[in-house]
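Following: one structure in structure tokens, then a few remarks.
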Amino acid sequence: MLEIRIHGRGGQGNVVAAYLLAAAVVDAGLYGQAFPAFGAERRGAPVAAFVRVARDTVRRRCQIDRPHIVVVQDPTLLKSPATLAGLEEGGCVLVNSARAEAIPAPAGYGARWASLPATRIAEETVGRPMPNSALLGALLALTGLCPLAALEQALEERFPPDTAARNKRAVRAAAERVPEHAWRRVVDARGL
Amino acid sequence: MRAAFEGSQAIARAVARCRPQVVAAYPITPQTHIVEGIAKLVADGEADCEVVSVESEFAAASVVLGAAVAGSRAYTATASQGVLLMAEVLYNIAGMRVPLVLTCANRAVSAPINIWNDHQDAMAVRDAGWIQLFCTDNQEAVDTTIQAFRITQETELPVMVCVDGFILTHLFEPVDLPSQEQIDMFLPPYRFSRTLDPRRPLTLGTLVGPEHYTEVRAQLHGDLEAAAEAILKADADWADLVGRRAGGLIKSDGPHTARIGVLTLGSVYGTLQEAARELVPDTPLRLMALRCFRPFPAEALRAAVDGLTDLVVLERAIGPGMGGILATEVRAALAGLRDAPRVHGAVAGLGGRDIPLDILPRLLALADAAEPVRCSVIDLQKMPPARLGADR
């Protein structure tokens with residue numbers, strides 16, 4: 001079982017990102033579970049959402065305290081110790097650098113750290129500063145967790161055609177900016 | 001069709017396929033997505049039903065009460081303060097013996113205000129005369145919702161389907177959504193024996209004096225107890241049709257040789273199952289989820305705890321001044337039973353407090369106590385290291 005925690009701010013589509021990722025892995029034949037952290041839901045407040053991916057049904061309903069992958073939708077959240085808290089040894093971090101080219105990896109992370117300007121990509125493709133679909137595209141490219149086509153199908157199921165098409169452009173643009181399958185071993189190690 | 005849904009959307013689709021004719025509800029977190037989902041299915045032409053916008057939960061319950069006695073299959077959903085605002089009508093619905101289905105997206109009760117999950121709302125109306133069924137996952141929520149429409153019709157007792165707010169309502173996972181054909185085979189068209197009709201005038205909920213009131217109330221108690229048969233039959237028939245059960249009266253998992261058991265309500269059951277496998281694989285344990293809280297299945301419980309020396313009752317509600325509500329009822333149900341297990345009360349997960357896997361060793365530590373533990377608020381106790389260390 002692979003556990004992913006997504007950090008963002010209220011209004012950034014954090015829960016939608018978690019649902020889309022779970023829908024994509026389910027479309028690809030895996031089990032996926034996604035749910036929001038139970039906390040304040042105010043716009044702009046730090047929020048989190050969780051995704052579990054496994055071959056078989058997962059029955060636990062607890063929050064994810066020790067994620068294998070953390071996705072950060074807003075780089076200012078890196079100032080909070082809660083964002084990377086509990087990251088498993090060898091765990092990976094994907095950070096939206098907003099409009100800057102990248103946020104450099106802190107000491108010790110090396111290739112386990114990836115960063116891309118997902119907000120800028122979203123502005124250019126989706127037309128709104130919503131980094132979630134771009135980050136999911138990058139995450140799938142890095143991990144090979146499921147094909148990008150499964151995420152595209154999940155977008156088509158959730159959104160009207162025009163919105164889905166623009167988010168699919170964000171997915172593709174972001175996927176091209178990260179090293180393909182650089183984090184494959186994390187997924188392999190979880191039996192996926 | 002197996003597909004991934006948010007729990008609320010899976011429930012909304014299941015309700016729509018039960019062909020309700022009237023749905024009335026007032027939005028309250030975390031129930032809102034369910035009725036929004038039903039309203040959207042109706043607006044999109046995928047369901048044919050009257051959706052009534054109301055100004056309060058009191059009105060919502062009153063509208064579905066009126067609709068049901070006028071001959072319509074009716075449905076509502078609520079949570080927390082909404083349940084409390086409905087309370088007067090809930091007693092009337094049960095007292096008038098009106099078939100209705102209500103989804104309770106279980107949530108804490110104010111004050112202090114808290115929008116997250118516990119079971120205090122359902123517990124507050126446990127004596128209203130409703131059947132109350134608790135679901136451990138979203139598949140059970142879907143299946144129990146469908147079964148509830150049949151149970152309520154057969155028993156003329158209202159059914160509250162309790163689904164953990166957020167934990168299940170906002171959980172996105174794969175669910176097998178039964179087809180319209182399957183549900184139509186299972187659920188006959190709505191019929192109510194005392195439909196209000198000007199050609200056949202009758203009164204429901206009339207004044208009953210001291211000479212008959214006791215008889216009416218005792219009959220409600222007896223009929224609610226007898227409803228266990230209809231609940232079991234609905235689950236068995238459903239299993240014949242779709243190949244899976246939704247939990248009968250009480251679900252049980254674990255070896256017959258187990259001497260320690262844990263009984264709970266709702267979605268924490270799955271967490272306990274995985275905790276047992278991962279954290280204490282060498283400890284034989286019997287895990288139980290009470291699906292049917294009302295009627296309280298005392299006989300089934302007595303059978304389910306056979307062979308146990310210790311039973312820990314884990315619940316997400318508290319009766320201030322008493323302690324655990326479920327634990328108190330379990331003790332009453334087991335009173336006088338030969339070789340009854342010692343019952344330990346544990347409260348956790350109030351107001352959305354996460355219940356992690358390592359709750360299980362902490363629950364098992366209660367069974368080591370010299371005297372039965374009346375009520376331990378687990379989240380406030382320091383971790384007892386002994387048993388956790390032994391198995392890890």
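We label chains A, B, ... in the order they appear in the structure tokens, count residues from 1 in each chain, and number ligands from 1 in the order shown.
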Contact set, chain B to chain A: 7 Å, only C-alpha atoms, as a ChimeraX atom specification:
/B:4,116,167,170-173,268,270-271,274,352,354-356
Quick one: write out the picked residues with C-alpha atoms as a PDB file, in the first residue's frame?
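New file part01.pdb:
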ATOM      1  CA  ALA B   4     -15.284   5.009  -7.473  1.00  0.00           C
ATOM      2  CA  TRP B 116     -16.811  16.432  12.515  1.00  0.00           C
ATOM      3  CA  ILE B 167     -15.004   9.487   7.335  1.00  0.00           C
ATOM      4  CA  HIS B 170     -16.408  12.254   2.124  1.00  0.00           C
ATOM      5  CA  LEU B 171     -14.411   9.074   1.468  1.00  0.00           C
ATOM      6  CA  PHE B 172     -13.831   8.398  -2.212  1.00  0.00           C
ATOM      7  CA  GLU B 173     -13.426   4.684  -2.946  1.00  0.00           C
ATOM      8  CA  VAL B 268     -13.657   2.244  12.826  1.00  0.00           C
ATOM      9  CA  GLY B 270     -12.097  -1.538   9.243  1.00  0.00           C
ATOM     10  CA  THR B 271      -9.297   0.284  11.031  1.00  0.00           C
ATOM     11  CA  GLU B 274      -6.147  -3.866   9.757  1.00  0.00           C
ATOM     12  CA  GLY B 352     -13.512  13.964  14.490  1.00  0.00           C
ATOM     13  CA  ASP B 354      -8.569  10.560  14.374  1.00  0.00           C
ATOM     14  CA  ILE B 355      -8.606   6.935  15.519  1.00  0.00           C
ATOM     15  CA  PRO B 356      -5.250   5.538  14.406  1.00  0.00           C
TER      16      PRO B 356
END
Which residues, written as a ChimeraX atom specification, have at least one atom at most 9 Å from range 279-289 of chain B, with only C-alpha atoms counted and residues fewer than 2 positions away on the same chain left out?
/B:134-136,247,249-269,272-277,291-292,304-305,308,357-358,360-361,387-388,390-392
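The space between CA of Leu142 in chain A and CA of Ala173 in chain A spans 13.4 Å.
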Need the shell around Leu241 in chain B: protein/DNA/RNA residues with any atom at most 9 Å away, counting only C-alpha atoms. Skip same-chain ones fewer than 2 positions apart. Format as number ranges by chain?
B: 182, 185-186, 236-239, 243-244
Determine, counting only C-alpha atoms, which protein, DNA and RNA residues have an atom within 8 Å of an atom of Ala134 in chain A; residues of the same chain fewer than 6 positions away are not included. Present the result as a ChimeraX atom specification.
/A:118,121-122,167,170-175
